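What follows is the content of final.tsv, which has TSV, C-alpha atoms:
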```
chain	number	residue	atom	x	y	z
N	1	MET	CA	106.47	49.30	374.05
N	2	SER	CA	105.15	52.69	373.03
N	3	SER	CA	103.23	51.19	370.12
N	4	ASN	CA	101.63	48.54	372.32
N	5	SER	CA	100.68	51.17	374.93
N	6	SER	CA	99.02	53.34	372.27
N	7	ALA	CA	97.06	50.39	370.91
N	8	SER	CA	95.98	49.43	374.42
N	9	GLU	CA	94.79	52.99	375.10
N	10	GLN	CA	92.80	53.12	371.88
N	11	SER	CA	91.13	49.83	372.78
N	12	SER	CA	90.30	50.98	376.30
N	13	ALA	CA	88.90	54.20	374.89
N	14	GLY	CA	86.35	52.22	372.91
N	15	GLN	CA	87.68	53.06	369.49
N	16	SER	CA	86.30	50.92	366.64
N	17	ALA	CA	88.43	48.25	365.01
N	18	ASP	CA	89.41	50.39	362.06
N	19	GLY	CA	90.63	53.12	364.39
N	20	SER	CA	88.60	55.87	362.63
N	21	HIS	CA	85.67	56.26	365.02
N	22	PHE	CA	84.97	56.04	368.72
N	23	ALA	CA	81.98	54.08	370.01
N	24	PRO	CA	78.89	56.35	370.32
N	25	THR	CA	78.34	55.32	373.94
N	26	LEU	CA	81.87	56.45	374.81
N	27	LEU	CA	81.40	59.77	373.03
N	28	TYR	CA	78.18	60.32	374.96
N	29	THR	CA	79.77	59.41	378.31
N	30	ALA	CA	82.73	61.73	377.80
N	31	ALA	CA	80.49	64.58	376.67
N	32	LYS	CA	78.08	64.14	379.57
N	33	LEU	CA	80.90	64.12	382.12
N	34	TYR	CA	82.57	67.18	380.61
N	35	TYR	CA	79.56	69.36	379.67
N	36	ASP	CA	76.77	68.32	382.03
N	37	GLU	CA	78.75	67.35	385.13
N	38	GLU	CA	81.45	69.98	384.50
N	39	ALA	CA	84.32	67.55	385.03
N	40	THR	CA	87.74	68.66	383.77
N	41	GLN	CA	89.38	66.80	380.88
N	42	ALA	CA	91.84	65.29	383.36
N	43	GLU	CA	88.95	64.02	385.51
N	44	VAL	CA	87.18	62.58	382.45
N	45	ALA	CA	90.41	60.86	381.40
N	46	ALA	CA	90.81	59.33	384.87
N	47	LYS	CA	87.24	58.00	384.89
N	48	LEU	CA	87.56	56.55	381.38
N	49	GLY	CA	91.06	55.19	381.92
N	50	THR	CA	92.54	57.13	379.01
N	51	SER	CA	94.65	60.22	378.34
N	52	ARG	CA	93.62	63.88	378.17
N	53	ALA	CA	94.60	63.90	374.50
N	54	THR	CA	92.09	61.12	373.82
N	55	VAL	CA	89.40	62.96	375.81
N	56	SER	CA	89.98	66.00	373.63
N	57	ARG	CA	89.49	63.83	370.54
N	58	LEU	CA	86.35	62.29	372.08
N	59	LEU	CA	84.81	65.70	372.68
N	60	SER	CA	85.66	66.88	369.18
N	61	GLU	CA	84.12	63.76	367.66
N	62	ALA	CA	81.01	64.16	369.87
N	63	ARG	CA	80.55	67.67	368.48
N	64	ARG	CA	81.14	66.49	364.92
N	65	GLN	CA	78.50	63.77	365.20
N	66	GLY	CA	75.96	66.08	366.79
N	67	ILE	CA	75.98	64.36	370.18
N	68	VAL	CA	77.06	67.75	371.52
N	69	ARG	CA	75.51	70.85	369.98
N	70	ILE	CA	76.97	74.22	370.84
N	71	LYS	CA	75.15	77.41	369.85
N	72	VAL	CA	77.11	80.64	369.61
N	73	ILE	CA	74.93	83.64	370.43
N	74	PRO	CA	76.07	87.26	369.91
N	75	PRO	CA	76.50	88.91	373.35
N	76	GLU	CA	73.97	91.67	372.71
N	77	VAL	CA	71.28	89.17	371.66
N	78	PHE	CA	71.91	86.92	374.63
N	79	SER	CA	71.90	89.76	377.13
N	80	HIS	CA	68.76	91.27	375.57
N	81	GLU	CA	66.74	88.04	375.74
N	82	ASP	CA	68.16	87.05	379.10
N	83	LEU	CA	67.29	90.45	380.60
N	84	ALA	CA	63.69	90.20	379.35
N	85	ASP	CA	63.33	86.67	380.75
N	86	ARG	CA	64.81	87.62	384.12
N	87	LEU	CA	62.52	90.64	384.43
N	88	ALA	CA	59.42	88.63	383.47
N	89	THR	CA	60.31	86.06	386.13
N	90	ALA	CA	61.03	88.68	388.79
N	91	LEU	CA	57.73	90.51	388.14
N	92	ARG	CA	55.77	87.29	387.48
N	93	LEU	CA	54.65	88.59	384.11
N	94	ASP	CA	53.72	86.49	381.10
N	95	HIS	CA	56.02	88.44	378.79
N	96	VAL	CA	58.48	91.33	378.78
N	97	PHE	CA	59.36	92.96	375.46
N	98	LEU	CA	62.47	95.14	375.33
N	99	SER	CA	63.11	97.90	372.84
N	100	ALA	CA	66.53	98.72	371.48
N	101	PRO	CA	68.52	100.86	373.95
N	102	LEU	CA	67.30	104.44	373.92
N	103	PRO	CA	69.90	107.04	372.90
N	104	PRO	CA	71.15	109.52	375.48
N	105	SER	CA	68.97	112.57	375.96
N	106	SER	CA	70.14	115.92	374.63
N	107	PRO	CA	68.63	119.43	374.54
N	108	SER	CA	67.90	119.07	370.81
N	109	LYS	CA	66.55	115.49	371.09
N	110	PRO	CA	65.10	114.67	374.52
N	111	THR	CA	64.66	110.94	375.11
N	112	VAL	CA	60.90	111.40	375.53
N	113	ASP	CA	60.70	112.62	371.92
N	114	LEU	CA	62.55	109.53	370.68
N	115	MET	CA	61.01	106.77	372.75
N	116	GLY	CA	58.05	106.19	370.44
N	117	ARG	CA	60.34	105.25	367.56
N	118	TYR	CA	62.19	102.74	369.76
N	119	LEU	CA	59.20	101.34	371.64
N	120	ALA	CA	56.77	100.94	368.72
N	121	PRO	CA	58.35	97.71	367.33
N	122	ALA	CA	58.24	96.11	370.79
N	123	VAL	CA	54.62	97.22	371.30
N	124	SER	CA	53.74	95.82	367.88
N	125	LYS	CA	55.32	92.48	368.80
N	126	ALA	CA	53.43	92.41	372.10
N	127	LEU	CA	50.10	93.12	370.40
N	128	HIS	CA	50.64	90.33	367.90
N	129	THR	CA	51.27	87.73	370.61
N	130	VAL	CA	47.68	88.36	371.75
N	131	GLY	CA	46.25	87.06	368.48
N	132	LEU	CA	43.69	89.85	368.11
N	133	GLY	CA	41.32	89.57	365.19
N	134	PRO	CA	38.29	91.31	363.65
N	135	GLY	CA	35.78	92.28	366.30
N	136	ASP	CA	38.17	91.90	369.23
N	137	ILE	CA	38.31	94.91	371.55
N	138	LEU	CA	41.57	96.70	372.32
N	139	LEU	CA	41.47	99.44	374.96
N	140	VAL	CA	44.09	102.21	374.99
N	141	SER	CA	44.97	104.71	377.69
N	142	SER	CA	46.12	108.28	377.43
N	143	GLY	CA	49.61	109.40	378.41
N	144	ARG	CA	52.83	110.56	376.80
N	145	THR	CA	54.36	107.12	376.21
N	146	VAL	CA	51.31	105.60	374.48
N	147	TYR	CA	50.88	108.78	372.46
N	148	GLU	CA	54.50	108.70	371.25
N	149	VAL	CA	54.17	105.03	370.26
N	150	ALA	CA	51.02	105.89	368.29
N	151	GLN	CA	53.07	108.18	366.03
N	152	PHE	CA	54.86	105.22	364.45
N	153	ASP	CA	53.89	102.23	362.36
N	154	LEU	CA	52.37	99.21	364.08
N	155	ASP	CA	51.78	95.88	362.37
N	156	ARG	CA	48.21	95.84	361.13
N	157	ILE	CA	45.39	94.01	362.88
N	158	PRO	CA	42.47	94.64	360.52
N	159	GLY	CA	39.02	94.80	362.06
N	160	VAL	CA	40.12	95.23	365.67
N	161	LEU	CA	37.91	97.60	367.67
N	162	VAL	CA	39.86	100.31	369.54
N	163	ALA	CA	38.36	102.28	372.43
N	164	PRO	CA	39.72	104.69	375.08
N	165	THR	CA	39.98	103.79	378.77
N	166	VAL	CA	39.34	107.27	380.11
N	167	GLY	CA	37.44	110.40	379.17
N	168	GLY	CA	39.13	113.40	377.60
N	169	ASN	CA	40.91	116.20	379.41
N	170	ASP	CA	40.76	119.97	379.07
N	171	GLN	CA	44.51	120.26	378.51
N	172	PRO	CA	46.28	121.44	375.37
N	173	GLU	CA	48.74	118.49	375.38
N	174	GLU	CA	47.72	115.98	372.75
N	175	TRP	CA	48.86	113.01	374.83
N	176	TYR	CA	45.92	113.62	377.18
N	177	GLN	CA	43.39	113.60	374.35
N	178	THR	CA	42.21	110.00	374.54
N	179	ASN	CA	40.07	110.13	371.40
N	180	GLU	CA	43.07	111.37	369.41
N	181	ILE	CA	45.24	108.50	370.67
N	182	THR	CA	42.42	106.06	369.91
N	183	ARG	CA	42.16	107.40	366.35
N	184	LEU	CA	45.92	107.19	365.78
N	185	ILE	CA	46.24	103.61	367.00
N	186	ALA	CA	43.11	102.44	365.16
N	187	ASN	CA	44.48	103.92	361.92
N	188	LYS	CA	47.90	102.28	362.41
N	189	LEU	CA	46.32	98.89	363.08
N	190	GLY	CA	43.68	99.12	360.37
N	191	GLY	CA	41.00	98.87	363.04
N	192	ARG	CA	37.86	100.80	363.89
N	193	ALA	CA	37.84	103.52	366.52
N	194	HIS	CA	35.13	104.08	369.13
N	195	TYR	CA	35.25	107.53	370.70
N	196	LEU	CA	34.29	108.57	374.21
N	197	PHE	CA	32.85	112.09	374.07
N	198	ALA	CA	32.98	112.79	377.78
N	199	PRO	CA	35.36	114.64	380.09
N	200	ALA	CA	37.53	112.57	382.37
N	201	LEU	CA	36.11	114.18	385.49
N	202	PRO	CA	32.65	115.72	384.90
N	203	GLY	CA	30.70	117.68	387.49
N	204	ALA	CA	28.00	115.91	389.46
N	205	ASP	CA	25.13	117.04	387.19
N	206	LEU	CA	26.97	116.17	383.96
N	207	TYR	CA	28.06	112.83	385.40
N	208	ALA	CA	24.42	111.75	385.77
N	209	ILE	CA	23.67	112.82	382.19
N	210	ILE	CA	26.74	111.06	380.79
N	211	HIS	CA	25.71	107.74	382.25
N	212	SER	CA	22.32	107.99	380.60
N	213	ASP	CA	23.65	108.89	377.16
N	214	PRO	CA	23.38	105.90	374.74
N	215	ALA	CA	26.46	106.89	372.69
N	216	ILE	CA	28.64	107.02	375.78
N	217	GLN	CA	27.12	103.84	377.20
N	218	ARG	CA	28.06	101.96	374.05
N	219	VAL	CA	31.74	102.72	374.70
N	220	LEU	CA	31.57	101.99	378.44
N	221	GLU	CA	29.99	98.62	377.64
N	222	LEU	CA	33.07	97.70	375.59
N	223	TRP	CA	35.34	97.86	378.62
N	224	PRO	CA	34.35	94.57	380.29
N	225	GLN	CA	34.42	92.82	376.89
N	226	ALA	CA	37.99	93.85	376.06
N	227	ARG	CA	40.49	91.18	375.16
N	228	CYS	CA	43.52	93.45	375.52
N	229	ILE	CA	44.45	96.81	377.00
N	230	LEU	CA	47.47	98.95	376.11
N	231	MET	CA	48.32	101.37	378.89
N	232	GLY	CA	50.95	103.80	380.00
N	233	VAL	CA	52.23	103.75	383.58
N	234	GLY	CA	52.33	107.11	385.34
N	235	ALA	CA	55.00	108.28	387.77
N	236	PRO	CA	54.10	109.34	391.35
N	237	PRO	CA	51.74	112.32	390.88
N	238	LEU	CA	53.49	114.65	393.29
N	239	LEU	CA	56.80	114.21	391.42
N	240	ARG	CA	55.37	114.96	387.98
N	241	ALA	CA	55.64	118.30	386.24
N	242	ASP	CA	53.05	117.19	383.68
N	243	ILE	CA	49.74	115.84	384.96
N	244	PRO	CA	46.06	116.16	383.91
N	245	ARG	CA	44.38	119.25	385.29
N	246	PHE	CA	41.58	117.29	386.91
N	247	VAL	CA	44.08	115.72	389.35
N	248	PRO	CA	44.16	117.81	392.57
N	249	THR	CA	47.86	117.57	393.35
N	250	ASP	CA	47.27	119.41	396.65
N	251	SER	CA	45.13	116.53	397.88
N	252	ALA	CA	46.70	114.85	400.94
N	253	SER	CA	45.58	111.41	399.76
N	254	LEU	CA	47.78	111.59	396.67
N	255	ARG	CA	50.86	111.63	398.88
N	256	ASP	CA	50.36	107.89	399.20
N	257	SER	CA	50.24	107.32	395.45
N	258	VAL	CA	53.22	105.69	393.75
N	259	GLY	CA	51.74	105.86	390.24
N	260	ASP	CA	48.71	105.36	388.04
N	261	VAL	CA	47.33	103.43	385.10
N	262	CYS	CA	44.35	104.68	383.09
N	263	SER	CA	44.24	107.76	385.38
N	264	ARG	CA	43.58	105.53	388.39
N	265	PHE	CA	46.10	106.09	391.17
N	266	TYR	CA	47.42	103.38	393.48
N	267	ASP	CA	49.61	103.11	396.58
N	268	LYS	CA	52.64	100.93	397.33
N	269	ASP	CA	50.38	97.96	398.05
N	270	GLY	CA	48.43	98.32	394.82
N	271	ASN	CA	45.35	99.73	396.52
N	272	SER	CA	43.30	102.45	394.87
N	273	VAL	CA	44.07	106.01	395.99
N	274	GLU	CA	41.01	108.23	395.89
N	275	PHE	CA	40.92	112.02	395.73
N	276	PRO	CA	38.10	114.58	395.86
N	277	GLY	CA	35.78	113.86	392.92
N	278	SER	CA	37.44	110.59	391.90
N	279	ASP	CA	34.12	108.80	392.37
N	280	ARG	CA	32.98	110.63	389.22
N	281	LEU	CA	36.05	109.73	387.16
N	282	ILE	CA	35.15	108.29	383.75
N	283	ALA	CA	37.86	105.65	383.56
N	284	VAL	CA	38.33	101.88	383.78
N	285	ASP	CA	38.48	100.78	387.41
N	286	LEU	CA	41.66	99.25	388.81
N	287	ALA	CA	39.66	96.23	389.94
N	288	ALA	CA	38.61	95.59	386.33
N	289	LEU	CA	42.16	95.46	384.94
N	290	PRO	CA	43.16	91.95	386.16
N	291	LYS	CA	39.99	90.61	384.50
N	292	ILE	CA	41.15	91.73	381.03
N	293	PRO	CA	42.98	88.72	379.50
N	294	VAL	CA	46.02	90.68	378.29
N	295	GLY	CA	47.25	93.91	379.83
N	296	ILE	CA	50.27	95.49	378.13
N	297	ALA	CA	51.99	98.23	380.09
N	298	VAL	CA	54.41	100.58	378.33
N	299	ALA	CA	56.81	102.50	380.55
N	300	VAL	CA	60.31	103.97	380.43
N	301	GLY	CA	62.42	105.85	382.96
N	302	SER	CA	63.68	105.80	386.53
N	303	ASP	CA	60.51	107.44	387.83
N	304	LYS	CA	58.49	104.49	386.51
N	305	VAL	CA	60.41	101.79	388.40
N	306	THR	CA	58.23	101.67	391.53
N	307	PRO	CA	54.94	102.06	389.59
N	308	ILE	CA	55.99	99.17	387.34
N	309	VAL	CA	56.87	96.87	390.25
N	310	VAL	CA	53.69	97.63	392.20
N	311	GLY	CA	51.46	97.53	389.12
N	312	ALA	CA	52.83	94.15	388.07
N	313	ARG	CA	52.37	92.67	391.54
N	314	ALA	CA	48.80	93.95	391.65
N	315	ARG	CA	48.19	92.28	388.25
N	316	PHE	CA	47.08	95.52	386.63
N	317	PHE	CA	49.01	94.19	383.62
N	318	ASN	CA	50.63	90.88	382.68
N	319	GLN	CA	52.96	92.08	379.93
N	320	LEU	CA	55.48	94.91	379.89
N	321	VAL	CA	57.18	96.88	377.14
N	322	THR	CA	60.21	98.87	378.28
N	323	ASP	CA	63.82	99.63	377.39
N	324	PRO	CA	66.91	97.77	378.68
N	325	ALA	CA	67.99	100.55	381.04
N	326	THR	CA	64.61	100.65	382.81
N	327	ALA	CA	64.53	96.84	382.93
N	328	GLN	CA	67.90	96.80	384.71
N	329	GLU	CA	66.73	99.45	387.17
N	330	VAL	CA	63.60	97.45	387.97
N	331	LEU	CA	65.65	94.31	388.62
N	332	ALA	CA	68.05	96.27	390.84
N	333	SER	CA	65.11	97.71	392.80
N	334	ILE	CA	63.63	94.24	393.34
N	335	ALA	CA	67.01	92.88	394.48
N	336	THR	CA	67.38	95.77	396.95
N	337	ASP	CA	63.90	95.14	398.37
N	338	GLN	CA	64.65	91.43	398.76
N	339	THR	CA	67.90	92.22	400.61
N	340	LYS	CA	66.03	94.53	403.00
N	341	ASP	CA	63.34	91.89	403.61
N	342	SER	CA	65.93	89.24	404.43
N	343	ARG	CA	67.56	91.29	407.19
```
Represent the structure from my file as structure tokens, please.
Amino acid sequence: MSSNSSASEQSSAGQSADGSHFAPTLLYTAAKLYYDEEATQAEVAAKLGTSRATVSRLLSEARRQGIVRIKVIPPEVFSHEDLADRLATALRLDHVFLSAPLPPSSPSKPTVDLMGRYLAPAVSKALHTVGLGPGDILLVSSGRTVYEVAQFDLDRIPGVLVAPTVGGNDQPEEWYQTNEITRLIANKLGGRAHYLFAPALPGADLYAIIHSDPAIQRVLELWPQARCILMGVGAPPLLRADIPRFVPTDSASLRDSVGDVCSRFYDKDGNSVEFPGSDRLIAVDLAALPKIPVGIAVAVGSDKVTPIVVGARARFFNQLVTDPATAQEVLASIATDQTKDSR
């Protein structure tokens, strides 16, 4: 009786005559029920008119034959890629590139002094997705983050033309010297630097002269031809201890600013925030940024969360390089805003 029952079960399970293989259609059906429709093995057995033990053998055989393919991904790799994808979707960006997690800050090694080493590989990867070649124009902004990245090796892009997005500043900090950052990045890439010998915010008389100078005009004419721009994202100006001297932090209008890119400030809706003299600022306009095919923003830290969200929604950039901690904070901020909006 037991022998006849076993033979009957094997036949009903679609096993071949020699008893060594199940029919491919049966393997597929069992696998689809179990993996795609999330049925339990008991439910699969009931639908197929067989036992759970036979279902287990069906699933094993389906994996052996390649009908079912299971990929085992290390947790850190999965979470890293998943986090980047989720952030790109939430911000509606083309790409998000995450660095390795930044180490904790300490008095001897502040995080800001280490971020270039961690961010540079991700920036390099972002630049190479653009497909820049000889003669293509890459614009770079000033700022601490871009400056720190420029200290480390970037994969070479020979022949690329590199130009600054803003005039120089009269500050001692090297991360506000746009020509220095331009030189560093051009050297790392194997490109050719174009320098902008003009202050970021000239006086009225000098402003008129600057715009008639052929050497300066040659650089300004590169801006609308750029294929890519690499920019830092600034924190709200009134919360920053370090800011270019030309920015009048006592200006009432800057209270509305949530951040800046290329020394152009914007409010929570992505609108330009002007300040006394900003009409003379030698910098790429916010309105010009969405017209550049690829805009790569580089930003790290809690104070960059709101500027990142607003800047992405305003399409000032369509790619982002950041670290996992900042990425998680941005996602949390978006989720909080969505909860508030739904009330």
Give me the residues near Pro293 in chain N as a PyMOL selection string, where near means some atom within 10 Å (using only C-alpha atoms) and where sequence neighbours in that chain fewer than 4 positions away do not count. chain N and resi 130+225-229+289+317-318
Find the residues around Arg144 in chain N up to 9 Å (only C-alpha atoms counted), leave out those fewer than 2 positions away in its own chain, and share them as a list in words. Val112, Ser142, Val146, Tyr147, Glu148, Val149, Glu174, Trp175, Tyr176 and Gly232 of chain N
Take the residues that were just selected and, keeping C-alpha atoms, output them as an mmCIF file, in the frame of the given file.
```
data_model
loop_
_atom_site.group_PDB
_atom_site.id
_atom_site.type_symbol
_atom_site.label_atom_id
_atom_site.label_comp_id
_atom_site.auth_asym_id
_atom_site.auth_seq_id
_atom_site.Cartn_x
_atom_site.Cartn_y
_atom_site.Cartn_z
ATOM 1 C CA VAL N 112 60.900 111.400 375.530
ATOM 2 C CA SER N 142 46.120 108.280 377.430
ATOM 3 C CA VAL N 146 51.310 105.600 374.480
ATOM 4 C CA TYR N 147 50.880 108.780 372.460
ATOM 5 C CA GLU N 148 54.500 108.700 371.250
ATOM 6 C CA VAL N 149 54.170 105.030 370.260
ATOM 7 C CA GLU N 174 47.720 115.980 372.750
ATOM 8 C CA TRP N 175 48.860 113.010 374.830
ATOM 9 C CA TYR N 176 45.920 113.620 377.180
ATOM 10 C CA GLY N 232 50.950 103.800 380.000
#
```
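Selection around (88.0, 62.2, 372.4) with radius 9 Å, counting all atoms listed in the file, yields the residues Ala13, Phe22, Leu26, Leu27, Ala30, Ala31, Arg52, Ala53, Thr54, Val55, Ser56, Arg57, Leu58, Leu59, Ser60, Glu61 and Ala62 of chain N.
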Write the residues of the preceding selection, restricted to C-alpha atoms, as an mmCIF file, in the frame of the given file.
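New file selection.cif:
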```cif
data_model
loop_
_atom_site.group_PDB
_atom_site.id
_atom_site.type_symbol
_atom_site.label_atom_id
_atom_site.label_comp_id
_atom_site.auth_asym_id
_atom_site.auth_seq_id
_atom_site.Cartn_x
_atom_site.Cartn_y
_atom_site.Cartn_z
ATOM 1 C CA ALA N 13 88.900 54.200 374.890
ATOM 2 C CA PHE N 22 84.970 56.040 368.720
ATOM 3 C CA LEU N 26 81.870 56.450 374.810
ATOM 4 C CA LEU N 27 81.400 59.770 373.030
ATOM 5 C CA ALA N 30 82.730 61.730 377.800
ATOM 6 C CA ALA N 31 80.490 64.580 376.670
ATOM 7 C CA ARG N 52 93.620 63.880 378.170
ATOM 8 C CA ALA N 53 94.600 63.900 374.500
ATOM 9 C CA THR N 54 92.090 61.120 373.820
ATOM 10 C CA VAL N 55 89.400 62.960 375.810
ATOM 11 C CA SER N 56 89.980 66.000 373.630
ATOM 12 C CA ARG N 57 89.490 63.830 370.540
ATOM 13 C CA LEU N 58 86.350 62.290 372.080
ATOM 14 C CA LEU N 59 84.810 65.700 372.680
ATOM 15 C CA SER N 60 85.660 66.880 369.180
ATOM 16 C CA GLU N 61 84.120 63.760 367.660
ATOM 17 C CA ALA N 62 81.010 64.160 369.870
#
```
Pick the closest to Thr129 in chain N from N:Val309, N:Ile296, N:Ile282, N:Leu206: which is it, counting only C-alpha atoms? N:Ile296
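Taking CA of Thr25 in chain N and CA of Glu38 in chain N as endpoints, the distance between them is 18.3 Å.
Separating CA of Val294 in chain N from CA of Gln319 in chain N is a distance of 7.3 Å.
CA of Asn169 in chain N is positioned 6.8 Å from CA of Pro244 in chain N.
Proximity of N:Leu33, N:Ala39, N:Val160, N:Ala312 to Asp94 in chain N, computed with all atoms listed in the file, is greatest for N:Ala312.
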